[in-house]
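*Asks:* I am sharing protein-v8.cif, which consists of mmCIF, C-alpha atoms:
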```cif
data_data
#
loop_
_atom_site.label_atom_id
_atom_site.label_comp_id
_atom_site.auth_asym_id
_atom_site.auth_seq_id
_atom_site.Cartn_x
_atom_site.Cartn_y
_atom_site.Cartn_z
CA MET A 1 22.39 -57.78 138.61
CA PRO A 2 19.95 -56.14 136.13
CA ALA A 3 17.02 -57.90 137.89
CA LEU A 4 18.26 -56.72 141.31
CA ARG A 5 18.73 -53.20 140.00
CA LYS A 6 15.21 -53.25 138.58
CA ARG A 7 13.73 -54.42 141.92
CA LEU A 8 15.66 -51.75 143.83
CA HIS A 9 14.49 -49.08 141.39
CA LEU A 10 10.89 -50.26 141.76
CA SER A 11 11.14 -50.27 145.58
CA PHE A 12 12.64 -46.77 145.56
CA HIS A 13 9.88 -45.58 143.22
CA ARG A 14 7.19 -46.96 145.55
CA ILE A 15 8.81 -45.35 148.59
CA MET A 16 8.88 -41.97 146.83
CA ILE A 17 5.19 -42.28 145.86
CA PHE A 18 4.32 -43.14 149.48
CA LEU A 19 6.28 -40.15 150.78
CA ALA A 20 4.51 -37.89 148.25
CA ILE A 21 1.07 -39.13 149.35
CA LEU A 22 1.94 -39.26 153.08
CA GLY A 23 0.08 -36.58 154.99
CA PRO A 24 -3.68 -36.79 155.63
CA GLY A 25 -3.51 -39.99 157.70
CA LEU A 26 -0.55 -38.96 159.85
CA ILE A 27 -1.83 -35.41 160.37
CA THR A 28 -5.36 -36.54 161.32
CA ALA A 29 -4.16 -39.20 163.77
CA SER A 30 -1.61 -36.84 165.33
CA GLY A 31 -4.27 -34.12 165.61
CA ASP A 32 -6.34 -36.50 167.73
CA ASN A 33 -3.63 -36.25 170.42
CA ASP A 34 -4.68 -32.67 171.12
CA ALA A 35 -4.87 -30.81 174.44
CA PRO A 36 -8.06 -32.59 175.69
CA GLY A 37 -6.59 -35.88 174.46
CA ILE A 38 -3.31 -35.45 176.33
CA ALA A 39 -5.28 -34.49 179.44
CA THR A 40 -7.43 -37.62 179.06
CA TYR A 41 -4.40 -39.90 178.71
CA SER A 42 -2.74 -38.23 181.70
CA ILE A 43 -5.86 -38.84 183.80
CA ALA A 44 -6.01 -42.47 182.63
CA GLY A 45 -2.38 -43.15 183.58
CA SER A 46 -2.38 -41.31 186.91
CA HIS A 47 -5.75 -42.67 188.09
CA TYR A 48 -5.62 -46.26 186.80
CA GLY A 49 -1.99 -47.06 186.01
CA TYR A 50 -1.56 -49.32 182.98
CA ASP A 51 -5.14 -50.65 183.19
CA MET A 52 -6.39 -48.73 180.13
CA LEU A 53 -3.63 -49.59 177.67
CA TRP A 54 -5.79 -52.33 176.12
CA VAL A 55 -8.35 -49.67 175.15
CA ILE A 56 -5.73 -47.88 173.04
CA LEU A 57 -4.94 -51.12 171.20
CA LEU A 58 -8.67 -51.54 170.45
CA ILE A 59 -9.26 -47.99 169.26
CA THR A 60 -6.22 -48.16 166.97
CA LEU A 61 -8.15 -50.75 164.95
CA GLY A 62 -11.29 -48.60 165.18
CA GLU A 63 -9.47 -45.51 163.96
CA VAL A 64 -7.98 -47.39 161.00
CA VAL A 65 -11.46 -48.63 160.00
CA VAL A 66 -13.13 -45.19 160.21
CA GLN A 67 -10.34 -43.13 158.64
CA GLU A 68 -9.77 -45.66 155.85
CA MET A 69 -13.43 -45.36 154.80
CA ALA A 70 -13.23 -41.56 154.83
CA ALA A 71 -9.99 -41.54 152.82
CA ARG A 72 -11.37 -44.01 150.26
CA MET A 73 -14.51 -41.92 149.75
CA GLY A 74 -12.36 -38.82 149.27
CA ALA A 75 -10.16 -40.53 146.66
CA VAL A 76 -13.03 -42.14 144.71
CA THR A 77 -15.56 -39.28 144.73
CA THR A 78 -13.17 -36.27 144.99
CA LYS A 79 -15.79 -34.84 147.37
CA GLY A 80 -15.89 -34.17 151.10
CA LEU A 81 -18.11 -36.00 153.58
CA ALA A 82 -20.53 -33.10 154.11
CA ASP A 83 -20.86 -32.74 150.33
CA LEU A 84 -21.91 -36.41 149.98
CA ILE A 85 -24.29 -36.23 152.95
CA ARG A 86 -26.05 -33.19 151.42
CA GLU A 87 -26.36 -34.83 147.99
CA ARG A 88 -27.69 -38.11 149.39
CA TYR A 89 -29.72 -37.11 152.48
CA GLY A 90 -30.74 -33.51 151.89
CA VAL A 91 -30.40 -30.21 153.69
CA LYS A 92 -32.10 -31.09 157.04
CA VAL A 93 -29.80 -33.99 157.92
CA THR A 94 -26.79 -32.02 156.71
CA PHE A 95 -27.76 -28.93 158.72
CA PHE A 96 -28.10 -31.00 161.92
CA ALA A 97 -24.70 -32.65 161.42
CA ILE A 98 -22.95 -29.39 160.51
CA PHE A 99 -24.54 -27.42 163.39
CA CYS A 100 -23.37 -30.05 165.90
CA LEU A 101 -19.93 -30.17 164.31
CA LEU A 102 -19.61 -26.38 164.41
CA LEU A 103 -20.51 -26.20 168.12
CA ALA A 104 -18.27 -29.12 169.06
CA ASN A 105 -15.32 -27.85 167.03
CA LEU A 106 -15.56 -24.34 168.48
CA GLY A 107 -15.31 -25.77 172.00
CA THR A 108 -12.44 -28.04 171.01
CA THR A 109 -10.62 -25.19 169.23
CA VAL A 110 -10.82 -23.18 172.47
CA ALA A 111 -9.30 -26.21 174.21
CA GLN A 112 -6.35 -26.14 171.79
CA PHE A 113 -5.60 -22.50 172.60
CA ALA A 114 -5.96 -23.35 176.29
CA GLY A 115 -3.36 -26.06 175.66
CA ILE A 116 -1.06 -23.53 174.01
CA ALA A 117 -1.50 -21.18 176.98
CA ALA A 118 -0.84 -23.93 179.53
CA SER A 119 2.19 -25.34 177.72
CA THR A 120 3.95 -22.02 177.23
CA GLU A 121 3.28 -21.00 180.85
CA LEU A 122 4.97 -24.27 181.86
CA LEU A 123 7.95 -22.96 179.86
CA GLY A 124 7.74 -19.59 181.65
CA ILE A 125 6.08 -17.49 178.90
CA SER A 126 2.79 -15.60 179.41
CA ARG A 127 -0.30 -16.72 177.49
CA TYR A 128 -0.94 -13.07 176.58
CA ILE A 129 2.13 -13.29 174.35
CA THR A 130 1.96 -16.83 173.03
CA VAL A 131 -1.78 -17.20 172.29
CA PRO A 132 -1.96 -14.16 169.94
CA LEU A 133 1.33 -15.19 168.26
CA SER A 134 0.06 -18.76 167.81
CA ALA A 135 -3.25 -17.52 166.37
CA ILE A 136 -1.37 -15.36 163.86
CA PHE A 137 0.93 -18.30 163.00
CA VAL A 138 -1.87 -20.77 162.20
CA TRP A 139 -3.87 -18.09 160.34
CA VAL A 140 -0.96 -17.04 158.11
CA LEU A 141 -0.01 -20.69 157.55
CA VAL A 142 -3.39 -21.57 156.05
CA VAL A 143 -4.56 -18.33 154.45
CA ARG A 144 -1.23 -17.54 152.79
CA GLY A 145 -0.15 -21.08 151.92
CA SER A 146 -0.97 -23.70 149.30
CA TYR A 147 -2.14 -27.21 150.24
CA GLY A 148 1.37 -28.60 149.78
CA ARG A 149 3.00 -25.94 151.97
CA VAL A 150 0.38 -26.26 154.73
CA GLU A 151 0.74 -30.04 154.73
CA LYS A 152 4.53 -29.85 155.08
CA VAL A 153 4.26 -27.58 158.14
CA LEU A 154 1.56 -29.76 159.72
CA LEU A 155 3.69 -32.85 159.12
CA GLY A 156 6.56 -31.02 160.84
CA LEU A 157 4.31 -30.33 163.84
CA THR A 158 3.64 -34.07 164.23
CA LEU A 159 7.22 -34.32 165.51
CA TYR A 160 5.89 -33.17 168.90
CA ALA A 161 5.55 -36.92 169.51
CA ILE A 162 9.31 -37.17 170.03
CA ALA A 163 8.94 -35.28 173.33
CA TYR A 164 6.67 -37.99 174.78
CA ILE A 165 8.84 -40.81 173.47
CA ILE A 166 11.89 -39.32 175.21
CA THR A 167 9.88 -38.75 178.41
CA VAL A 168 8.87 -42.42 178.58
CA PHE A 169 12.49 -43.53 178.42
CA LEU A 170 13.36 -41.02 181.14
CA VAL A 171 10.84 -42.59 183.54
CA ARG A 172 11.85 -46.21 182.74
CA PRO A 173 8.54 -48.10 183.02
CA GLY A 174 8.24 -51.84 183.60
CA TRP A 175 7.84 -53.02 180.00
CA GLY A 176 6.60 -56.46 181.09
CA ALA A 177 3.65 -54.88 182.90
CA VAL A 178 3.05 -52.58 179.93
CA ALA A 179 2.82 -55.56 177.55
CA GLN A 180 0.55 -57.51 179.92
CA HIS A 181 -1.98 -54.69 180.36
CA THR A 182 -1.94 -53.91 176.62
CA LEU A 183 -2.84 -57.47 175.62
CA ILE A 184 -5.09 -58.47 178.55
CA PRO A 185 -8.09 -56.18 179.23
CA THR A 186 -8.64 -54.88 182.75
CA ILE A 187 -12.18 -53.61 183.36
CA HIS A 188 -13.50 -51.92 186.52
CA LEU A 189 -17.29 -51.55 186.68
CA ARG A 190 -17.15 -48.10 188.25
CA SER A 191 -18.59 -44.91 186.81
CA ASP A 192 -15.30 -42.97 186.96
CA TYR A 193 -13.40 -45.75 185.15
CA LEU A 194 -16.10 -46.13 182.48
CA LEU A 195 -16.27 -42.39 181.84
CA THR A 196 -12.48 -42.21 181.41
CA LEU A 197 -12.57 -45.23 179.09
CA LEU A 198 -15.26 -43.58 176.97
CA ALA A 199 -13.32 -40.30 176.96
CA ILE A 200 -10.33 -42.15 175.47
CA ILE A 201 -12.55 -43.52 172.69
CA GLY A 202 -14.15 -40.10 172.13
CA THR A 203 -10.89 -38.21 171.89
CA THR A 204 -9.51 -40.63 169.26
CA ILE A 205 -12.42 -41.44 166.95
CA THR A 206 -13.93 -38.02 166.24
CA PRO A 207 -16.40 -36.47 163.75
CA TRP A 208 -13.90 -33.76 162.80
CA GLY A 209 -11.24 -36.41 162.09
CA ALA A 210 -13.45 -38.17 159.53
CA VAL A 211 -14.44 -34.85 157.93
CA TYR A 212 -10.83 -33.60 157.73
CA MET A 213 -9.50 -36.92 156.40
CA GLN A 214 -11.94 -37.09 153.51
CA ALA A 215 -11.67 -33.39 152.63
CA SER A 216 -7.85 -33.40 152.70
CA VAL A 217 -7.61 -36.51 150.50
CA ALA A 218 -10.01 -34.90 148.00
CA ASP A 219 -8.18 -31.55 148.24
CA LYS A 220 -4.83 -33.23 147.65
CA GLY A 221 -6.15 -34.79 144.44
CA ILE A 222 -5.34 -38.41 145.30
CA ARG A 223 -6.72 -40.77 142.64
CA PRO A 224 -8.15 -44.29 143.20
CA GLU A 225 -5.15 -45.90 141.50
CA GLN A 226 -2.90 -44.29 144.12
CA TYR A 227 -5.15 -45.32 146.96
CA SER A 228 -3.03 -48.25 148.21
CA TYR A 229 -0.43 -45.70 149.32
CA THR A 230 -3.07 -43.58 151.05
CA ARG A 231 -4.28 -46.68 152.91
CA MET A 232 -0.69 -47.14 154.14
CA ASP A 233 -0.67 -43.50 155.25
CA VAL A 234 -3.92 -44.03 157.22
CA MET A 235 -2.60 -47.17 158.92
CA THR A 236 0.81 -45.64 159.65
CA GLY A 237 -0.81 -42.50 161.09
CA ALA A 238 -3.24 -44.41 163.32
CA ILE A 239 -0.51 -46.70 164.68
CA LEU A 240 2.00 -43.91 165.33
CA GLY A 241 -0.65 -41.59 166.79
CA ASN A 242 -1.88 -44.22 169.22
CA VAL A 243 1.65 -45.27 170.18
CA VAL A 244 2.10 -41.67 171.35
CA SER A 245 -1.23 -41.88 173.24
CA ALA A 246 -0.02 -45.06 174.93
CA PHE A 247 3.31 -43.43 175.81
CA ILE A 248 1.51 -40.58 177.61
CA VAL A 249 -0.48 -43.14 179.62
CA ILE A 250 2.69 -45.13 180.34
CA CYS A 251 4.59 -42.02 181.41
CA THR A 252 2.00 -40.96 184.00
CA ALA A 253 1.24 -44.54 185.04
CA ALA A 254 4.90 -45.32 185.76
CA THR A 255 5.51 -42.19 187.84
CA LEU A 256 2.35 -40.65 189.28
CA PHE A 257 0.12 -43.70 189.84
CA PRO A 258 2.51 -45.56 192.23
CA HIS A 259 2.70 -42.42 194.42
CA GLY A 260 -1.07 -41.89 194.46
CA ILE A 261 -0.76 -38.59 192.57
CA ARG A 262 -3.91 -38.01 190.52
CA VAL A 263 -4.00 -35.25 187.93
CA ASP A 264 -6.88 -33.84 185.93
CA THR A 265 -5.02 -31.75 183.32
CA ALA A 266 -1.93 -32.14 181.17
CA GLU A 267 -0.16 -29.23 182.87
CA GLU A 268 -0.76 -30.79 186.31
CA ALA A 269 0.85 -33.97 184.98
CA ALA A 270 3.90 -32.05 183.75
CA ILE A 271 4.39 -30.32 187.12
CA ALA A 272 3.85 -33.54 189.10
CA LEU A 273 6.52 -35.33 187.03
CA VAL A 274 9.31 -32.98 188.14
CA PRO A 275 10.18 -34.55 191.55
CA LEU A 276 9.80 -38.05 190.11
CA ALA A 277 11.43 -37.81 186.69
CA GLY A 278 13.45 -34.59 186.86
CA PRO A 279 12.95 -31.08 185.44
CA TRP A 280 13.43 -32.26 181.85
CA ALA A 281 10.20 -34.25 182.07
CA ARG A 282 8.25 -31.06 182.73
CA TYR A 283 9.77 -29.25 179.75
CA LEU A 284 9.37 -32.24 177.42
CA PHE A 285 5.73 -32.64 178.46
CA GLY A 286 5.17 -28.92 177.88
CA ILE A 287 6.85 -28.97 174.45
CA GLY A 288 4.76 -31.97 173.44
CA LEU A 289 1.57 -30.24 174.57
CA LEU A 290 2.52 -27.09 172.64
CA GLY A 291 3.23 -28.99 169.40
CA ALA A 292 0.04 -31.03 169.69
CA SER A 293 -2.07 -27.94 170.44
CA LEU A 294 -0.62 -25.97 167.51
CA LEU A 295 -1.29 -28.87 165.14
CA ALA A 296 -4.88 -29.30 166.32
CA ALA A 297 -5.48 -25.51 166.39
CA SER A 298 -4.64 -25.53 162.67
CA VAL A 299 -6.56 -28.67 161.70
CA LEU A 300 -9.80 -28.32 163.70
CA PRO A 301 -10.90 -24.97 162.22
CA LEU A 302 -9.89 -26.34 158.79
CA SER A 303 -12.16 -29.38 159.18
CA THR A 304 -15.02 -27.06 160.19
CA ALA A 305 -14.50 -24.73 157.23
CA TYR A 306 -14.35 -27.69 154.85
CA ALA A 307 -17.56 -29.20 156.24
CA VAL A 308 -19.63 -25.99 156.22
CA CYS A 309 -18.57 -25.00 152.70
CA GLU A 310 -19.16 -28.52 151.35
CA ALA A 311 -22.60 -28.64 152.97
CA PHE A 312 -23.80 -25.41 151.37
CA GLY A 313 -21.92 -25.60 148.09
CA TRP A 314 -19.45 -22.77 148.70
CA GLU A 315 -15.96 -22.76 147.24
CA ARG A 316 -13.37 -24.36 149.52
CA GLY A 317 -9.78 -25.60 149.43
CA LEU A 318 -6.32 -24.47 150.43
CA ASP A 319 -5.18 -23.90 146.85
CA ASN A 320 -7.79 -21.14 146.43
CA HIS A 321 -6.99 -17.50 147.06
CA LEU A 322 -8.80 -15.57 149.81
CA SER A 323 -10.99 -13.79 147.23
CA GLU A 324 -11.94 -17.12 145.57
CA ALA A 325 -13.16 -18.82 148.77
CA PRO A 326 -14.15 -15.98 151.17
CA VAL A 327 -16.54 -18.09 153.29
CA PHE A 328 -13.98 -20.90 153.68
CA PHE A 329 -11.19 -18.60 154.85
CA GLY A 330 -13.60 -16.31 156.73
CA LEU A 331 -14.94 -19.17 158.84
CA TYR A 332 -11.41 -20.42 159.49
CA THR A 333 -10.43 -16.92 160.64
CA ALA A 334 -13.50 -16.53 162.88
CA LEU A 335 -12.86 -19.84 164.67
CA ILE A 336 -9.24 -18.95 165.36
CA LEU A 337 -10.17 -15.47 166.60
CA LEU A 338 -12.89 -16.81 168.90
CA GLY A 339 -10.67 -19.62 170.20
CA GLY A 340 -7.83 -17.25 171.03
CA ILE A 341 -9.98 -14.48 172.51
CA ILE A 342 -12.01 -16.79 174.80
CA VAL A 343 -8.84 -18.24 176.33
CA LEU A 344 -7.53 -14.75 177.11
CA ILE A 345 -10.67 -13.64 179.03
CA PRO A 346 -9.57 -13.41 182.69
CA GLY A 347 -11.29 -15.87 185.01
CA ILE A 348 -13.35 -17.60 182.32
CA ALA A 349 -14.37 -21.18 183.14
CA LEU A 350 -13.17 -23.23 180.18
CA PHE A 351 -14.04 -26.65 181.57
CA PRO A 352 -17.85 -26.44 181.00
CA LEU A 353 -17.26 -25.39 177.37
CA MET A 354 -14.88 -28.33 176.83
CA GLN A 355 -17.36 -30.70 178.48
CA LEU A 356 -20.12 -29.45 176.17
CA SER A 357 -17.94 -29.98 173.09
CA GLN A 358 -17.12 -33.55 174.16
CA ALA A 359 -20.81 -34.28 174.82
CA ILE A 360 -21.79 -33.00 171.36
CA ASN A 361 -19.00 -35.09 169.79
CA ALA A 362 -20.33 -38.16 171.62
CA ILE A 363 -23.82 -37.56 170.18
CA LEU A 364 -22.56 -36.81 166.67
CA ILE A 365 -20.02 -39.59 166.07
CA PRO A 366 -22.57 -42.48 165.90
CA VAL A 367 -24.67 -40.40 163.45
CA ILE A 368 -21.62 -39.67 161.28
CA LEU A 369 -20.51 -43.32 161.33
CA VAL A 370 -23.94 -44.60 160.22
CA LEU A 371 -24.08 -42.03 157.39
CA MET A 372 -20.52 -42.93 156.32
CA LEU A 373 -21.35 -46.64 156.22
CA ARG A 374 -24.44 -46.06 154.08
CA LEU A 375 -22.47 -43.84 151.70
CA VAL A 376 -19.42 -46.10 151.40
CA ASN A 377 -21.62 -49.12 150.57
CA ASN A 378 -23.60 -47.28 147.89
CA THR A 379 -22.43 -48.65 144.51
CA LYS A 380 -23.82 -45.58 142.69
CA ILE A 381 -21.36 -43.44 144.67
CA MET A 382 -18.42 -45.80 145.17
CA GLY A 383 -18.65 -48.24 142.24
CA GLN A 384 -16.26 -51.14 142.88
CA TRP A 385 -14.75 -49.34 145.91
CA THR A 386 -17.45 -50.26 148.42
CA ASN A 387 -16.57 -51.98 151.70
CA SER A 388 -15.61 -55.64 151.72
CA LYS A 389 -17.65 -58.06 153.85
CA LEU A 390 -14.91 -58.05 156.52
CA GLY A 391 -14.71 -54.26 156.33
CA ASN A 392 -18.45 -53.99 156.97
CA ILE A 393 -18.30 -56.41 159.91
CA LEU A 394 -15.51 -54.36 161.51
CA ALA A 395 -17.10 -50.99 160.71
CA TRP A 396 -20.61 -51.89 161.89
CA GLY A 397 -19.16 -53.60 164.96
CA MET A 398 -17.21 -50.42 165.80
CA THR A 399 -20.30 -48.26 165.17
CA ILE A 400 -22.48 -50.41 167.46
CA PHE A 401 -19.75 -50.43 170.12
CA ILE A 402 -19.31 -46.64 170.05
CA SER A 403 -23.10 -46.06 170.03
CA ALA A 404 -23.53 -48.37 173.04
CA ALA A 405 -20.60 -46.68 174.79
CA THR A 406 -22.22 -43.28 174.20
CA LEU A 407 -25.50 -44.44 175.74
CA ILE A 408 -23.62 -45.87 178.73
CA MET A 409 -21.72 -42.60 179.16
CA PHE A 410 -24.94 -40.58 179.33
CA ALA A 411 -26.63 -43.12 181.61
CA VAL A 412 -23.65 -43.07 184.00
CA SER A 413 -23.54 -39.25 183.90
CA ILE A 414 -27.26 -38.96 184.71
CA PHE A 415 -27.75 -41.78 187.21
CA GLY A 416 -24.22 -42.08 188.65
CA GLY A 417 -22.54 -45.36 189.48
#
```
Re-express the file's structure as C-alpha cells.
*Replies:*
Amino acid sequence: MPALRKRLHLSFHRIMIFLAILGPGLITASGDNDAPGIATYSIAGSHYGYDMLWVILLITLGEVVVQEMAARMGAVTTKGLADLIRERYGVKVTFFAIFCLLLANLGTTVAQFAGIAASTELLGISRYITVPLSAIFVWVLVVRGSYGRVEKVLLGLTLYAIAYIITVFLVRPGWGAVAQHTLIPTIHLRSDYLLTLLAIIGTTITPWGAVYMQASVADKGIRPEQYSYTRMDVMTGAILGNVVSAFIVICTAATLFPHGIRVDTAEEAAIALVPLAGPWARYLFGIGLLGASLLAASVLPLSTAYAVCEAFGWERGLDNHLSEAPVFFGLYTALILLGGIIVLIPGIALFPLMQLSQAINAILIPVILVLMLRLVNNTKIMGQWTNSKLGNILAWGMTIFISAATLIMFAVSIFGG
C-alpha cells in the first residue's frame, strides 16, 4: 500500500506540473486554426472530399518538429527567436525577417477581424457592433493582464474546437472512408489541388507560430529541467489542433462535396450546411469561427510585438506594465486598431490583402526554418540541448519539403497548370 500510495502521489504531482506548464503549445496550435485556416479546410473538404486528410496527418508531424525546436530554444536560452537571430546574424537579416513578419501578420490580423465579422453576422449581429467590442476585449485582455491571466483566457478560447467536434457528429461521416484517406495519400496533379494542398501546409506551419511559441515559453519562465512537460504540451497542442483541422475537412467533405457544393469561405460553408445538416450546424460553425478568430486576433499581434521588440532590444513581456514596455504594448495596440478599422471600411476588398499575407508567409517560413535549425544546432547557444540526429533528419526534411512546396506554389501561380 505505501508503494502504491507513493506512485499515485508521484503521478498526481506530474499531472499538476503538466497542467501548470500547459499553454504555449496548445494556444499556438489552436491559433493556427484561424479564420484563413478554417476557410482553407472548408475549401479542401468541399472541393476534394476526404482526399486531403493525409496532408493533415503529415503536417501534424511537421508542426511538432518546428514548434518543439522553438519551445526548446525558449526554455534553454530564455530568449525569443528574433533576439537570437539578431545576436547571431546581425541587424540586416533580422530587419528582413521582421519586416516580412510585420507585413504578413498585419494582413492575417485583418483576416481574424474579418472572421469575427463573418461569424457574428452568421449569428445575426452586425460587424459594426462586434468588431469594435472584440478589439476592446483583446486589447484589455493583454494590456491589463499578467502572463498567467492572459494564458488562462487564451486556453479558454481554445474550447471553440468543441463546436467543430459536435458538428462532425451531426453530419455522420463514413469513418471507414475517413480512415482510408487519412492513411493512404491521394494526389491530383492539378494546379488547383496543389495550391490548396500548399495552403493547408502554409496555414499550419507559420512564422508567427514559431515566434510566438519561443517567446511565450521564455516569457513564462519555463526552465530546461521542466522541458519534458513543455514537450508534452507541444505534442498535445499539435495533435489536438490538427484533429480540429481534420474535423472541419470531414464536416464539409461529408455534406457539401457529395452534392457538388463548392465554397470559398468559412461563412459560405456554414450557410451551405443548413439544408444538409440542419440549422444547428450553421450556428456551431459560426461559434467555432468566432472563437478561433478571437484567439488568433489576440495571439497574432502578440507574436508581432514580441518579435519586433526582441529584434531591436526593447522591453517586452506581458508581466510588464504599459509604462515599462511602451513599444511592445503600443505595437500590439496599433495592430489591433488597424485590423479592426480596415474590416469596417465599407466595400474594401479584403481578399488581395489576405493573399499578400499568405504569399509573404510562404516566402518567410523557409528562411525562418533554416535560421532556427542553425541556431538550435549551435552548441554555444544550446549546450547539450541541440537537436538529435533523428531530430535533424526530420527538421531538415520538413524544411526542404516546405521550401520545395513554396517554389511549386509560385511556379503554379505564375505559369498555371
*Asks:* Name every residue that the PyMOL selection byres ((chain A and resi 386) around 10) selects in this structure, writing the answer as an MDAnalysis selection string with chains first and numbers rising.
*Replies:* chainID A and resid 69 72:73 76 373:385 387:389 391:392
*Asks:* Create the file for the chosen residues now, containing C-alpha atoms and written as a PDB file, keeping the file's coordinate frame.
*Replies:*
```pdb
ATOM      1  CA  MET A  69     -13.430 -45.360 154.800  1.00  0.00           C
ATOM      2  CA  ARG A  72     -11.370 -44.010 150.260  1.00  0.00           C
ATOM      3  CA  MET A  73     -14.510 -41.920 149.750  1.00  0.00           C
ATOM      4  CA  VAL A  76     -13.030 -42.140 144.710  1.00  0.00           C
ATOM      5  CA  LEU A 373     -21.350 -46.640 156.220  1.00  0.00           C
ATOM      6  CA  ARG A 374     -24.440 -46.060 154.080  1.00  0.00           C
ATOM      7  CA  LEU A 375     -22.470 -43.840 151.700  1.00  0.00           C
ATOM      8  CA  VAL A 376     -19.420 -46.100 151.400  1.00  0.00           C
ATOM      9  CA  ASN A 377     -21.620 -49.120 150.570  1.00  0.00           C
ATOM     10  CA  ASN A 378     -23.600 -47.280 147.890  1.00  0.00           C
ATOM     11  CA  THR A 379     -22.430 -48.650 144.510  1.00  0.00           C
ATOM     12  CA  LYS A 380     -23.820 -45.580 142.690  1.00  0.00           C
ATOM     13  CA  ILE A 381     -21.360 -43.440 144.670  1.00  0.00           C
ATOM     14  CA  MET A 382     -18.420 -45.800 145.170  1.00  0.00           C
ATOM     15  CA  GLY A 383     -18.650 -48.240 142.240  1.00  0.00           C
ATOM     16  CA  GLN A 384     -16.260 -51.140 142.880  1.00  0.00           C
ATOM     17  CA  TRP A 385     -14.750 -49.340 145.910  1.00  0.00           C
ATOM     18  CA  ASN A 387     -16.570 -51.980 151.700  1.00  0.00           C
ATOM     19  CA  SER A 388     -15.610 -55.640 151.720  1.00  0.00           C
ATOM     20  CA  LYS A 389     -17.650 -58.060 153.850  1.00  0.00           C
ATOM     21  CA  GLY A 391     -14.710 -54.260 156.330  1.00  0.00           C
ATOM     22  CA  ASN A 392     -18.450 -53.990 156.970  1.00  0.00           C
TER      23      ASN A 392
END
```
*Asks:* For a quick check of understanding, using only C-alpha atoms, which of A:Leu123, A:Leu84, A:Ile200, A:Ala104 has the smallest distance to Asn361 of chain A?
*Replies:* A:Ala104
*Asks:* Could you pull the residues within 10 Å of segment 266-275 of chain A, counting all atoms listed in the file, minus those fewer than 5 positions along the same chain, as a ChimeraX atom specification?
*Replies:* /A:35-43,45-46,115,118-119,121-122,167,171,248,251-252,255-256,261,280-286,289
*Asks:* Written as a VMD selection string, which residues does the PyMOL selection byres ((chain A and resi 306) around 9) give for the file shown?
*Replies:* chain A and resid 80 82 211 to 212 215 to 216 301 to 305 307 to 311 316 to 317 328
*Asks:* Please expand the PyMOL selection byres ((chain A and resi 28-33) around 6) into the concrete residues it hits in this file, giving the result as a ChimeraX atom specification.
*Replies:* /A:24-27,34,37-38,204,209,237-238,241,296
*Asks:* Put those residues in a file: C-alpha atoms, as a tab-separated table (two decimals), keeping the file's coordinate frame.
*Replies:*
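Once everything was written out, this is result_39.tsv:
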```tsv
chain	number	residue	atom	x	y	z
A	24	PRO	CA	-3.68	-36.79	155.63
A	25	GLY	CA	-3.51	-39.99	157.70
A	26	LEU	CA	-0.55	-38.96	159.85
A	27	ILE	CA	-1.83	-35.41	160.37
A	34	ASP	CA	-4.68	-32.67	171.12
A	37	GLY	CA	-6.59	-35.88	174.46
A	38	ILE	CA	-3.31	-35.45	176.33
A	204	THR	CA	-9.51	-40.63	169.26
A	209	GLY	CA	-11.24	-36.41	162.09
A	237	GLY	CA	-0.81	-42.50	161.09
A	238	ALA	CA	-3.24	-44.41	163.32
A	241	GLY	CA	-0.65	-41.59	166.79
A	296	ALA	CA	-4.88	-29.30	166.32
```
*Asks:* Report the distance between atom CA of Ser357 of chain A and atom CA of Gly107 of chain A in Å, rounded to one decimal place.
*Replies:*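 A separation of 5.1 Å between them.
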*Asks:* I need the residue nearest Val110 of chain A from this list: A:Ile368, A:Val131, A:Ala254, A:Val168. Use all atoms listed in the file for the distance.
*Replies:*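 Looking only at the distances to Val110 of chain A, the closest residue turns out to be A:Val131.
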*Asks:* Name the closest residue to Leu364 of chain A among the candidates A:Thr265, A:Ala199, A:Met52, A:Ile205; distances are taken between atoms, counting all atoms listed in the file.
*Replies:*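 That would be A:Ile205, the residue with the smallest distance to Leu364 of chain A.
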*Asks:* Within 10 Å of (-27.1, -31.7, 155.2) (file coordinates; all atoms listed in the file), which protein or nucleic acid residues are there? I'd like them as an MDAnalysis selection string.
*Replies:* chainID A and resid 82:99 307:308 310:312
*Asks:* Taking into account all atoms listed in the file, which residue in the set A:Met213, A:Val249, A:Leu240, A:Met235 is nearest to Trp54 of chain A?
*Replies:*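 Going through A:Met213, A:Val249, A:Leu240, A:Met235 one by one, the smallest distance to Trp54 of chain A is for A:Val249.
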*Asks:* So what do you get for atom CA of Ile363 of chain A versus atom CA of Leu294 of chain A, distance-wise?
*Replies:*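 Distance between the two atoms: 26.1 Å.
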*Asks:* With distances taken over only C-alpha atoms, which residue among A:Ser245, A:Trp208, A:Gln67, A:Gly156 lies nearest Leu103 of chain A?
*Replies:*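 Checking each of A:Ser245, A:Trp208, A:Gln67, A:Gly156 against Leu103 of chain A, counting only C-alpha atoms, the winner is A:Trp208.
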*Asks:* So that I can check the surroundings of Ala405 of chain A, please list as a list of chain:residue names every protein, DNA and RNA residue that reaches within 12 Å of it, counting all atoms listed in the file and ignoring chain neighbours fewer than 4 positions away.
*Replies:*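 Within the cut-off, the hits are A:Leu194, A:Leu195, A:Thr196, A:Leu197, A:Leu198, A:Ala199, A:Ile200, A:Ile201, A:Gly202, A:Ala362, A:Ile363, A:Ile365, A:Pro366, A:Met398, A:Thr399, A:Ile400, A:Phe401, A:Met409, A:Phe410, A:Ala411, A:Val412.
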*Asks:* Please report, as JSON lines, each residue of segment 116-201 of chain A lying at most 7 Å from segment 338-345 of chain A, together with the nearest pair of atoms and the separation in Å rounded to one decimal; use all atoms listed in the file, and order rows by chain and ascending residue number.
*Replies:*
```
{"residue": "A:Tyr128", "atom": "CA", "partner": "A:Leu344", "partner_atom": "CA", "distance": 6.8}
{"residue": "A:Val131", "atom": "CA", "partner": "A:Gly340", "partner_atom": "CA", "distance": 6.2}
{"residue": "A:Pro132", "atom": "CA", "partner": "A:Gly340", "partner_atom": "CA", "distance": 6.7}
{"residue": "A:Ala135", "atom": "CA", "partner": "A:Gly340", "partner_atom": "CA", "distance": 6.5}
```
